[in-house]
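Engineer: Dropping in start_24.pdb, which is PDB, C-alpha atoms and all ligand atoms:
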ATOM      1  CA  MET A   1      -6.552  14.601   4.214  1.00  0.00           C
ATOM      2  CA  ARG A   2      -3.762  12.337   2.934  1.00  0.00           C
ATOM      3  CA  THR A   3      -3.017   8.638   3.134  1.00  0.00           C
ATOM      4  CA  LEU A   4      -0.319   6.334   1.797  1.00  0.00           C
ATOM      5  CA  ALA A   5      -0.872   3.668  -0.831  1.00  0.00           C
ATOM      6  CA  ILE A   6       1.813   1.348  -2.193  1.00  0.00           C
ATOM      7  CA  ILE A   7       1.253  -0.483  -5.455  1.00  0.00           C
ATOM      8  CA  LYS A   8       3.074  -3.690  -4.521  1.00  0.00           C
ATOM      9  CA  PRO A   9       5.673  -5.680  -6.516  1.00  0.00           C
ATOM     10  CA  ASP A  10       3.102  -8.231  -7.784  1.00  0.00           C
ATOM     11  CA  ALA A  11       0.948  -5.553  -9.437  1.00  0.00           C
ATOM     12  CA  MET A  12       4.019  -3.752 -10.806  1.00  0.00           C
ATOM     13  CA  ALA A  13       5.455  -6.973 -12.285  1.00  0.00           C
ATOM     14  CA  SER A  14       2.173  -7.966 -13.939  1.00  0.00           C
ATOM     15  CA  GLY A  15       1.634  -4.529 -15.477  1.00  0.00           C
ATOM     16  CA  LYS A  16      -1.426  -3.563 -13.434  1.00  0.00           C
ATOM     17  CA  ALA A  17      -0.131  -0.315 -11.926  1.00  0.00           C
ATOM     18  CA  GLY A  18      -1.942   1.863 -14.469  1.00  0.00           C
ATOM     19  CA  ARG A  19      -5.266   0.110 -13.893  1.00  0.00           C
ATOM     20  CA  VAL A  20      -4.880   0.335 -10.109  1.00  0.00           C
ATOM     21  CA  LEU A  21      -4.102   4.056 -10.322  1.00  0.00           C
ATOM     22  CA  ALA A  22      -7.037   4.660 -12.689  1.00  0.00           C
ATOM     23  CA  HIS A  23      -9.293   2.885 -10.193  1.00  0.00           C
ATOM     24  CA  LEU A  24      -8.070   5.119  -7.353  1.00  0.00           C
ATOM     25  CA  GLU A  25      -8.450   8.301  -9.437  1.00  0.00           C
ATOM     26  CA  SER A  26     -11.985   7.263 -10.386  1.00  0.00           C
ATOM     27  CA  ALA A  27     -12.713   6.906  -6.660  1.00  0.00           C
ATOM     28  CA  GLY A  28     -11.792  10.560  -6.129  1.00  0.00           C
ATOM     29  CA  PHE A  29      -8.185  10.300  -4.937  1.00  0.00           C
ATOM     30  CA  ARG A  30      -5.626  12.815  -6.194  1.00  0.00           C
ATOM     31  CA  VAL A  31      -1.929  11.890  -6.359  1.00  0.00           C
ATOM     32  CA  ARG A  32       0.120  14.360  -4.309  1.00  0.00           C
ATOM     33  CA  ALA A  33       3.431  12.464  -4.536  1.00  0.00           C
ATOM     34  CA  ALA A  34       4.634   9.225  -6.143  1.00  0.00           C
ATOM     35  CA  ARG A  35       7.990   7.504  -6.447  1.00  0.00           C
ATOM     36  CA  LEU A  36       9.083   4.210  -7.976  1.00  0.00           C
ATOM     37  CA  VAL A  37      11.327   2.451  -5.426  1.00  0.00           C
ATOM     38  CA  ARG A  38      12.959  -0.904  -4.838  1.00  0.00           C
ATOM     39  CA  LEU A  39      12.809  -1.210  -1.050  1.00  0.00           C
ATOM     40  CA  SER A  40      15.936  -2.385   0.750  1.00  0.00           C
ATOM     41  CA  GLN A  41      15.580  -5.060   3.410  1.00  0.00           C
ATOM     42  CA  ALA A  42      16.110  -2.424   6.122  1.00  0.00           C
ATOM     43  CA  GLN A  43      13.458  -0.124   4.626  1.00  0.00           C
ATOM     44  CA  ALA A  44      10.873  -2.907   4.359  1.00  0.00           C
ATOM     45  CA  GLU A  45      11.595  -4.048   7.927  1.00  0.00           C
ATOM     46  CA  ALA A  46      11.238  -0.473   9.205  1.00  0.00           C
ATOM     47  CA  PHE A  47       8.042   0.201   7.252  1.00  0.00           C
ATOM     48  CA  TYR A  48       6.375  -2.991   8.526  1.00  0.00           C
ATOM     49  CA  ALA A  49       7.937  -2.865  12.022  1.00  0.00           C
ATOM     50  CA  VAL A  50       4.507  -3.218  13.698  1.00  0.00           C
ATOM     51  CA  HIS A  51       4.304  -6.724  12.188  1.00  0.00           C
ATOM     52  CA  ARG A  52       7.812  -7.762  13.344  1.00  0.00           C
ATOM     53  CA  GLU A  53       6.530 -10.547  15.632  1.00  0.00           C
ATOM     54  CA  ARG A  54       3.948 -11.920  13.179  1.00  0.00           C
ATOM     55  CA  PRO A  55       4.626 -15.220  11.392  1.00  0.00           C
ATOM     56  CA  PHE A  56       4.203 -13.551   8.003  1.00  0.00           C
ATOM     57  CA  PHE A  57       6.826 -10.850   8.676  1.00  0.00           C
ATOM     58  CA  ARG A  58       9.837 -12.513   6.930  1.00  0.00           C
ATOM     59  CA  PRO A  59       7.873 -13.546   3.814  1.00  0.00           C
ATOM     60  CA  LEU A  60       6.280 -10.069   3.721  1.00  0.00           C
ATOM     61  CA  VAL A  61       9.708  -8.382   3.783  1.00  0.00           C
ATOM     62  CA  ALA A  62      11.029 -10.809   1.148  1.00  0.00           C
ATOM     63  CA  PHE A  63       8.042 -10.080  -1.125  1.00  0.00           C
ATOM     64  CA  MET A  64       8.154  -6.312  -0.661  1.00  0.00           C
ATOM     65  CA  THR A  65      11.873  -6.252  -1.577  1.00  0.00           C
ATOM     66  CA  SER A  66      11.450  -8.607  -4.561  1.00  0.00           C
ATOM     67  CA  GLY A  67      10.919  -5.851  -7.132  1.00  0.00           C
ATOM     68  CA  PRO A  68       9.969  -2.224  -7.600  1.00  0.00           C
ATOM     69  CA  CYS A  69       6.884  -0.821  -5.913  1.00  0.00           C
ATOM     70  CA  LEU A  70       5.091   2.523  -6.206  1.00  0.00           C
ATOM     71  CA  PRO A  71       4.385   4.423  -2.979  1.00  0.00           C
ATOM     72  CA  MET A  72       1.928   7.296  -3.449  1.00  0.00           C
ATOM     73  CA  ALA A  73       0.552  10.002  -1.176  1.00  0.00           C
ATOM     74  CA  LEU A  74      -3.163  10.238  -2.005  1.00  0.00           C
ATOM     75  CA  GLU A  75      -5.570  12.973  -1.020  1.00  0.00           C
ATOM     76  CA  ARG A  76      -9.346  13.201  -0.681  1.00  0.00           C
ATOM     77  CA  ASP A  77     -11.853  13.742   2.143  1.00  0.00           C
ATOM     78  CA  ASP A  78     -11.781  10.932   4.735  1.00  0.00           C
ATOM     79  CA  ALA A  79      -8.864   9.467   2.743  1.00  0.00           C
ATOM     80  CA  VAL A  80      -7.788   6.715   5.165  1.00  0.00           C
ATOM     81  CA  ALA A  81     -11.201   5.077   5.572  1.00  0.00           C
ATOM     82  CA  ARG A  82     -12.229   5.635   1.929  1.00  0.00           C
ATOM     83  CA  LEU A  83      -9.021   4.055   0.582  1.00  0.00           C
ATOM     84  CA  ARG A  84      -9.460   1.006   2.842  1.00  0.00           C
ATOM     85  CA  GLU A  85     -12.972   0.590   1.392  1.00  0.00           C
ATOM     86  CA  VAL A  86     -11.793   0.971  -2.201  1.00  0.00           C
ATOM     87  CA  ILE A  87      -8.968  -1.578  -1.881  1.00  0.00           C
ATOM     88  CA  GLY A  88     -11.014  -4.245  -0.048  1.00  0.00           C
ATOM     89  CA  ALA A  89     -10.044  -6.919   2.487  1.00  0.00           C
ATOM     90  CA  THR A  90      -6.414  -8.094   2.860  1.00  0.00           C
ATOM     91  CA  ASP A  91      -7.282 -11.491   1.402  1.00  0.00           C
ATOM     92  CA  PRO A  92      -8.678 -11.067  -2.138  1.00  0.00           C
ATOM     93  CA  ARG A  93     -11.008 -14.042  -1.543  1.00  0.00           C
ATOM     94  CA  GLU A  94     -12.701 -11.930   1.149  1.00  0.00           C
ATOM     95  CA  ALA A  95     -12.531  -8.611  -0.705  1.00  0.00           C
ATOM     96  CA  ALA A  96     -15.846  -7.150  -1.877  1.00  0.00           C
ATOM     97  CA  PRO A  97     -16.512  -7.395  -5.634  1.00  0.00           C
ATOM     98  CA  GLY A  98     -15.137  -4.425  -7.568  1.00  0.00           C
ATOM     99  CA  THR A  99     -12.463  -3.542  -5.004  1.00  0.00           C
ATOM    100  CA  VAL A 100      -8.821  -3.239  -6.091  1.00  0.00           C
ATOM    101  CA  ARG A 101      -7.825  -6.470  -4.378  1.00  0.00           C
ATOM    102  CA  ALA A 102     -10.834  -8.406  -5.693  1.00  0.00           C
ATOM    103  CA  LEU A 103      -9.886  -7.258  -9.195  1.00  0.00           C
ATOM    104  CA  TYR A 104      -6.074  -7.392  -9.138  1.00  0.00           C
ATOM    105  CA  ALA A 105      -4.648  -9.275  -6.096  1.00  0.00           C
ATOM    106  CA  GLU A 106      -3.300 -12.813  -6.365  1.00  0.00           C
ATOM    107  CA  SER A 107      -3.291 -13.839  -2.681  1.00  0.00           C
ATOM    108  CA  LYS A 108      -3.269 -12.522   0.880  1.00  0.00           C
ATOM    109  CA  GLU A 109       0.454 -11.805   0.557  1.00  0.00           C
ATOM    110  CA  ARG A 110       0.633 -10.817  -3.117  1.00  0.00           C
ATOM    111  CA  ASN A 111      -2.320  -8.490  -2.653  1.00  0.00           C
ATOM    112  CA  ALA A 112      -1.527  -5.694  -5.130  1.00  0.00           C
ATOM    113  CA  ILE A 113      -1.739  -2.713  -2.800  1.00  0.00           C
ATOM    114  CA  HIS A 114      -1.048  -1.451   0.715  1.00  0.00           C
ATOM    115  CA  ALA A 115      -3.029   1.326   2.405  1.00  0.00           C
ATOM    116  CA  SER A 116      -2.486   3.022   5.769  1.00  0.00           C
ATOM    117  CA  ASP A 117      -4.860   1.646   8.411  1.00  0.00           C
ATOM    118  CA  SER A 118      -5.297   4.735  10.636  1.00  0.00           C
ATOM    119  CA  PRO A 119      -4.778   8.510  10.415  1.00  0.00           C
ATOM    120  CA  GLU A 120      -1.739   8.203  12.737  1.00  0.00           C
ATOM    121  CA  ASN A 121      -0.165   5.545  10.529  1.00  0.00           C
ATOM    122  CA  ALA A 122      -1.023   7.562   7.407  1.00  0.00           C
ATOM    123  CA  THR A 123       0.994  10.506   8.732  1.00  0.00           C
ATOM    124  CA  ARG A 124       3.924   8.237   9.630  1.00  0.00           C
ATOM    125  CA  GLU A 125       3.787   6.294   6.353  1.00  0.00           C
ATOM    126  CA  VAL A 126       3.516   9.358   4.075  1.00  0.00           C
ATOM    127  CA  ALA A 127       6.530  10.858   5.889  1.00  0.00           C
ATOM    128  CA  PHE A 128       8.410   7.543   5.528  1.00  0.00           C
ATOM    129  CA  PHE A 129       8.540   8.024   1.749  1.00  0.00           C
ATOM    130  CA  PHE A 130       7.949  11.733   1.137  1.00  0.00           C
ATOM    131  CA  PRO A 131       9.452  14.780   2.810  1.00  0.00           C
ATOM    132  CA  GLU A 132       6.850  17.516   3.238  1.00  0.00           C
ATOM    133  CA  ALA A 133       8.549  19.533   0.485  1.00  0.00           C
ATOM    134  CA  ASP A 134       7.836  16.773  -2.071  1.00  0.00           C
ATOM    135  CA  LEU A 135       4.071  16.824  -1.514  1.00  0.00           C
ATOM    136  CA  ALA A 136       2.317  18.758  -4.267  1.00  0.00           C
TER
HETATM  137  P1  LIG B 201      -0.578  -4.704   4.010  1.00  0.00           P
HETATM  138  O1  LIG B 201      -1.759  -3.820   3.950  1.00  0.00           O
HETATM  139  O2  LIG B 201       0.584  -4.327   3.153  1.00  0.00           O
HETATM  140  O3  LIG B 201      -0.065  -4.861   5.533  1.00  0.00           O
HETATM  141  C1  LIG B 201       0.621  -6.013   5.993  1.00  0.00           C
HETATM  142  C2  LIG B 201       0.685  -7.096   4.974  1.00  0.00           C
HETATM  143  O4  LIG B 201       1.040  -8.388   5.439  1.00  0.00           O
HETATM  144  C3  LIG B 201      -0.692  -7.282   4.390  1.00  0.00           C
HETATM  145  O5  LIG B 201      -1.023  -6.186   3.569  1.00  0.00           O
HETATM  146  C4  LIG B 201      -0.541  -8.633   3.660  1.00  0.00           C
HETATM  147  O6  LIG B 201      -0.098  -8.493   2.339  1.00  0.00           O
HETATM  148  C5  LIG B 201       0.567  -9.309   4.464  1.00  0.00           C
HETATM  149  N1  LIG B 201       0.091 -10.526   5.091  1.00  0.00           N
HETATM  150  C6  LIG B 201       0.505 -11.756   4.801  1.00  0.00           C
HETATM  151  N2  LIG B 201      -0.102 -12.653   5.574  1.00  0.00           N
HETATM  152  C7  LIG B 201      -0.949 -11.982   6.373  1.00  0.00           C
HETATM  153  C8  LIG B 201      -1.875 -12.357   7.400  1.00  0.00           C
HETATM  154  N3  LIG B 201      -2.035 -13.642   7.764  1.00  0.00           N
HETATM  155  N4  LIG B 201      -2.578 -11.385   8.014  1.00  0.00           N
HETATM  156  C9  LIG B 201      -2.414 -10.095   7.675  1.00  0.00           C
HETATM  157  N5  LIG B 201      -1.546  -9.679   6.714  1.00  0.00           N
HETATM  158  C10 LIG B 201      -0.828 -10.619   6.063  1.00  0.00           C
END
Please express what this file holds, its structure, as structure tokens.
Structural biologist:
Amino acid sequence: MRTLAIIKPDAMASGKAGRVLAHLESAGFRVRAARLVRLSQAQAEAFYAVHRERPFFRPLVAFMTSGPCLPMALERDDAVARLREVIGATDPREAAPGTVRALYAESKERNAIHASDSPENATREVAFFFPEADLA
């Protein structure tokens, strides 16, 4: 089973991408596709469309377009739920010790990594960045 992770612009800018990826690999995830991208405003708005009415939508889009990020299709058994566990709560102050966000996130917004929150969204989000032919 596959899910989508995005190493966000804060973690890329502070040179933590390698440590985040090592953490995910140690947790049993295999990278099936990866691509360094600078999201356009339209891409970020489309990716986060479910949050369009939320007060944090504009700052979220501004942050996600502020620098390069690293979307990755990750595979392991029960990938969606396991990745959510490994990355921890949205707000690093609430994230369990040893999770990616507890270790590497700066704040609720600059929180190092995104992960799909359901199998349906994982399918949509992997396809958003990777055509089937690009998945190894
Ligand atoms: P992510 O998993 O990428 O999905 C939506 C993002 O919105 C979330 O991580 C946070 O980085 C960001 N965000 C900012 N403020 C909030 C908030 N109050 N509640 C939820 N998500 C927020």
Engineer: Each residue of chain A lying at most 12 Å from ligand LIG 201 (chain B) should get a row with its shortest atom-to-atom pair and the distance in Å to one decimal, counting all atoms listed in the file; could you produce that, ordered by chain and increasing number, as JSON lines?
Structural biologist:
{"residue": "A:Leu4", "atom": "CA", "partner": "B:LIG201", "partner_atom": "O1", "distance": 10.5}
{"residue": "A:Ala5", "atom": "CA", "partner": "B:LIG201", "partner_atom": "O1", "distance": 8.9}
{"residue": "A:Ile6", "atom": "CA", "partner": "B:LIG201", "partner_atom": "O2", "distance": 7.9}
{"residue": "A:Ile7", "atom": "CA", "partner": "B:LIG201", "partner_atom": "O2", "distance": 9.5}
{"residue": "A:Lys8", "atom": "CA", "partner": "B:LIG201", "partner_atom": "O2", "distance": 8.1}
{"residue": "A:Pro9", "atom": "CA", "partner": "B:LIG201", "partner_atom": "O6", "distance": 10.9}
{"residue": "A:Asp10", "atom": "CA", "partner": "B:LIG201", "partner_atom": "O6", "distance": 10.6}
{"residue": "A:Ala44", "atom": "CA", "partner": "B:LIG201", "partner_atom": "O2", "distance": 10.5}
{"residue": "A:Glu45", "atom": "CA", "partner": "B:LIG201", "partner_atom": "C1", "distance": 11.3}
{"residue": "A:Phe47", "atom": "CA", "partner": "B:LIG201", "partner_atom": "O2", "distance": 9.6}
{"residue": "A:Tyr48", "atom": "CA", "partner": "B:LIG201", "partner_atom": "C1", "distance": 7.0}
{"residue": "A:Ala49", "atom": "CA", "partner": "B:LIG201", "partner_atom": "C1", "distance": 10.0}
{"residue": "A:Val50", "atom": "CA", "partner": "B:LIG201", "partner_atom": "C1", "distance": 9.1}
{"residue": "A:His51", "atom": "CA", "partner": "B:LIG201", "partner_atom": "C1", "distance": 7.2}
{"residue": "A:Arg52", "atom": "CA", "partner": "B:LIG201", "partner_atom": "O4", "distance": 10.4}
{"residue": "A:Glu53", "atom": "CA", "partner": "B:LIG201", "partner_atom": "O4", "distance": 11.8}
{"residue": "A:Arg54", "atom": "CA", "partner": "B:LIG201", "partner_atom": "C8", "distance": 8.2}
{"residue": "A:Pro55", "atom": "CA", "partner": "B:LIG201", "partner_atom": "N3", "distance": 7.7}
{"residue": "A:Phe56", "atom": "CA", "partner": "B:LIG201", "partner_atom": "N2", "distance": 5.0}
{"residue": "A:Phe57", "atom": "CA", "partner": "B:LIG201", "partner_atom": "O4", "distance": 7.1}
{"residue": "A:Arg58", "atom": "CA", "partner": "B:LIG201", "partner_atom": "C6", "distance": 9.6}
{"residue": "A:Pro59", "atom": "CA", "partner": "B:LIG201", "partner_atom": "C6", "distance": 7.6}
{"residue": "A:Leu60", "atom": "CA", "partner": "B:LIG201", "partner_atom": "O4", "distance": 5.8}
{"residue": "A:Val61", "atom": "CA", "partner": "B:LIG201", "partner_atom": "O4", "distance": 8.8}
{"residue": "A:Ala62", "atom": "CA", "partner": "B:LIG201", "partner_atom": "C5", "distance": 11.1}
{"residue": "A:Phe63", "atom": "CA", "partner": "B:LIG201", "partner_atom": "O6", "distance": 9.0}
{"residue": "A:Met64", "atom": "CA", "partner": "B:LIG201", "partner_atom": "O2", "distance": 8.7}
{"residue": "A:Cys69", "atom": "CA", "partner": "B:LIG201", "partner_atom": "O2", "distance": 11.6}
{"residue": "A:Pro71", "atom": "CA", "partner": "B:LIG201", "partner_atom": "O2", "distance": 11.3}
{"residue": "A:Leu83", "atom": "CA", "partner": "B:LIG201", "partner_atom": "O1", "distance": 11.2}
{"residue": "A:Arg84", "atom": "CA", "partner": "B:LIG201", "partner_atom": "O1", "distance": 9.2}
{"residue": "A:Ile87", "atom": "CA", "partner": "B:LIG201", "partner_atom": "O1", "distance": 9.5}
{"residue": "A:Gly88", "atom": "CA", "partner": "B:LIG201", "partner_atom": "O1", "distance": 10.1}
{"residue": "A:Ala89", "atom": "CA", "partner": "B:LIG201", "partner_atom": "O1", "distance": 9.0}
{"residue": "A:Thr90", "atom": "CA", "partner": "B:LIG201", "partner_atom": "O5", "distance": 5.8}
{"residue": "A:Asp91", "atom": "CA", "partner": "B:LIG201", "partner_atom": "C4", "distance": 7.7}
{"residue": "A:Pro92", "atom": "CA", "partner": "B:LIG201", "partner_atom": "O6", "distance": 10.0}
{"residue": "A:Arg101", "atom": "CA", "partner": "B:LIG201", "partner_atom": "O6", "distance": 10.4}
{"residue": "A:Ala105", "atom": "CA", "partner": "B:LIG201", "partner_atom": "O6", "distance": 9.6}
{"residue": "A:Glu106", "atom": "CA", "partner": "B:LIG201", "partner_atom": "O6", "distance": 10.2}
{"residue": "A:Ser107", "atom": "CA", "partner": "B:LIG201", "partner_atom": "O6", "distance": 8.0}
{"residue": "A:Lys108", "atom": "CA", "partner": "B:LIG201", "partner_atom": "O6", "distance": 5.3}
{"residue": "A:Glu109", "atom": "CA", "partner": "B:LIG201", "partner_atom": "O6", "distance": 3.8}
{"residue": "A:Arg110", "atom": "CA", "partner": "B:LIG201", "partner_atom": "O6", "distance": 6.0}
{"residue": "A:Asn111", "atom": "CA", "partner": "B:LIG201", "partner_atom": "O6", "distance": 5.5}
{"residue": "A:Ala112", "atom": "CA", "partner": "B:LIG201", "partner_atom": "O6", "distance": 8.1}
{"residue": "A:Ile113", "atom": "CA", "partner": "B:LIG201", "partner_atom": "O2", "distance": 6.6}
{"residue": "A:His114", "atom": "CA", "partner": "B:LIG201", "partner_atom": "O1", "distance": 4.1}
{"residue": "A:Ala115", "atom": "CA", "partner": "B:LIG201", "partner_atom": "O1", "distance": 5.5}
{"residue": "A:Ser116", "atom": "CA", "partner": "B:LIG201", "partner_atom": "O1", "distance": 7.1}
{"residue": "A:Asp117", "atom": "CA", "partner": "B:LIG201", "partner_atom": "O1", "distance": 7.7}
{"residue": "A:Ser118", "atom": "CA", "partner": "B:LIG201", "partner_atom": "O1", "distance": 11.4}
{"residue": "A:Asn121", "atom": "CA", "partner": "B:LIG201", "partner_atom": "O3", "distance": 11.5}
{"residue": "A:Ala122", "atom": "CA", "partner": "B:LIG201", "partner_atom": "O1", "distance": 11.9}
{"residue": "A:Glu125", "atom": "CA", "partner": "B:LIG201", "partner_atom": "O2", "distance": 11.5}
Engineer: Using only C-alpha atoms for the distances, tell me which of A:Phe130, A:Ala136, A:Val80, A:Val100 is nearest to A:Ala22.
Structural biologist: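 With only C-alpha atoms as the atom set, the closest residue is A:Val100.
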Engineer: Enter the distance from atom CA of A:Leu74 to atom CA of A:Ala33, in Å, rounded to one decimal.
Structural biologist: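 About the pair atom CA of A:Leu74 and atom CA of A:Ala33: they are 7.4 Å apart.
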Engineer: Could you tell me how far atom CA of A:Arg124 lies from atom CA of A:Ala46, in Å and to one decimal?
Structural biologist: 11.4 Å
Engineer: Grab the atom CA of A:Glu75 to atom CA of A:Ala27 distance for me, in Å with one decimal place.
Structural biologist: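 Between atom CA of A:Glu75 and atom CA of A:Ala27 the gap works out to 10.9 Å.
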Engineer: Ranking A:Met1, A:Val31, A:Thr65, A:Ala79 by minimum distance to A:Gln43 and counting all atoms listed in the file, which one comes first?
Structural biologist: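 Closest residue, counting all atoms listed in the file: A:Thr65.
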Engineer: Can you work out which one of A:Ala73, A:Val20, A:Ala11, A:Ala81 has the shortest atom-to-atom distance to A:Ala127, counting all atoms listed in the file?
Structural biologist: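 Smallest distance to A:Ala127 is found for A:Ala73.
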Engineer: Centre and edge lengths of an axis-aligned box around all listed atoms of stretch 119-135 of chain A, with 8 Å added on each side, are to be given in Å to one decimal, as JSON.
Structural biologist:
{"center_x": 2.3, "center_y": 12.5, "center_z": 5.3, "size_x": 30.2, "size_y": 30.0, "size_z": 30.8}
Engineer: Carefully work through the PyMOL selection byres (((chain A and resi 68) around 7) and not hetatm) for this structure and note down the residues it includes, as a PDB file with C-alpha atoms, in the coordinates of the input.
Structural biologist:
ATOM      1  CA  PRO A   9       5.673  -5.680  -6.516  1.00  0.00           C
ATOM      2  CA  MET A  12       4.019  -3.752 -10.806  1.00  0.00           C
ATOM      3  CA  LEU A  36       9.083   4.210  -7.976  1.00  0.00           C
ATOM      4  CA  VAL A  37      11.327   2.451  -5.426  1.00  0.00           C
ATOM      5  CA  ARG A  38      12.959  -0.904  -4.838  1.00  0.00           C
ATOM      6  CA  GLY A  67      10.919  -5.851  -7.132  1.00  0.00           C
ATOM      7  CA  CYS A  69       6.884  -0.821  -5.913  1.00  0.00           C
ATOM      8  CA  LEU A  70       5.091   2.523  -6.206  1.00  0.00           C
TER       9      LEU A  70
END
Engineer: Given the choices A:Leu135, A:Val86, A:Val126, A:Ala13, which gets closest to A:Ala102 if the distance is worked out from only C-alpha atoms?
Structural biologist: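 Going through A:Leu135, A:Val86, A:Val126, A:Ala13 one by one, the smallest distance to A:Ala102 is for A:Val86.
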Engineer: For A:Gly98, which of A:Thr123, A:Glu85, A:Asp77, A:Ala17 is the closest residue, counting all atoms listed in the file?
Structural biologist: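 Checking each candidate against A:Gly98, we get A:Glu85 as the closest.
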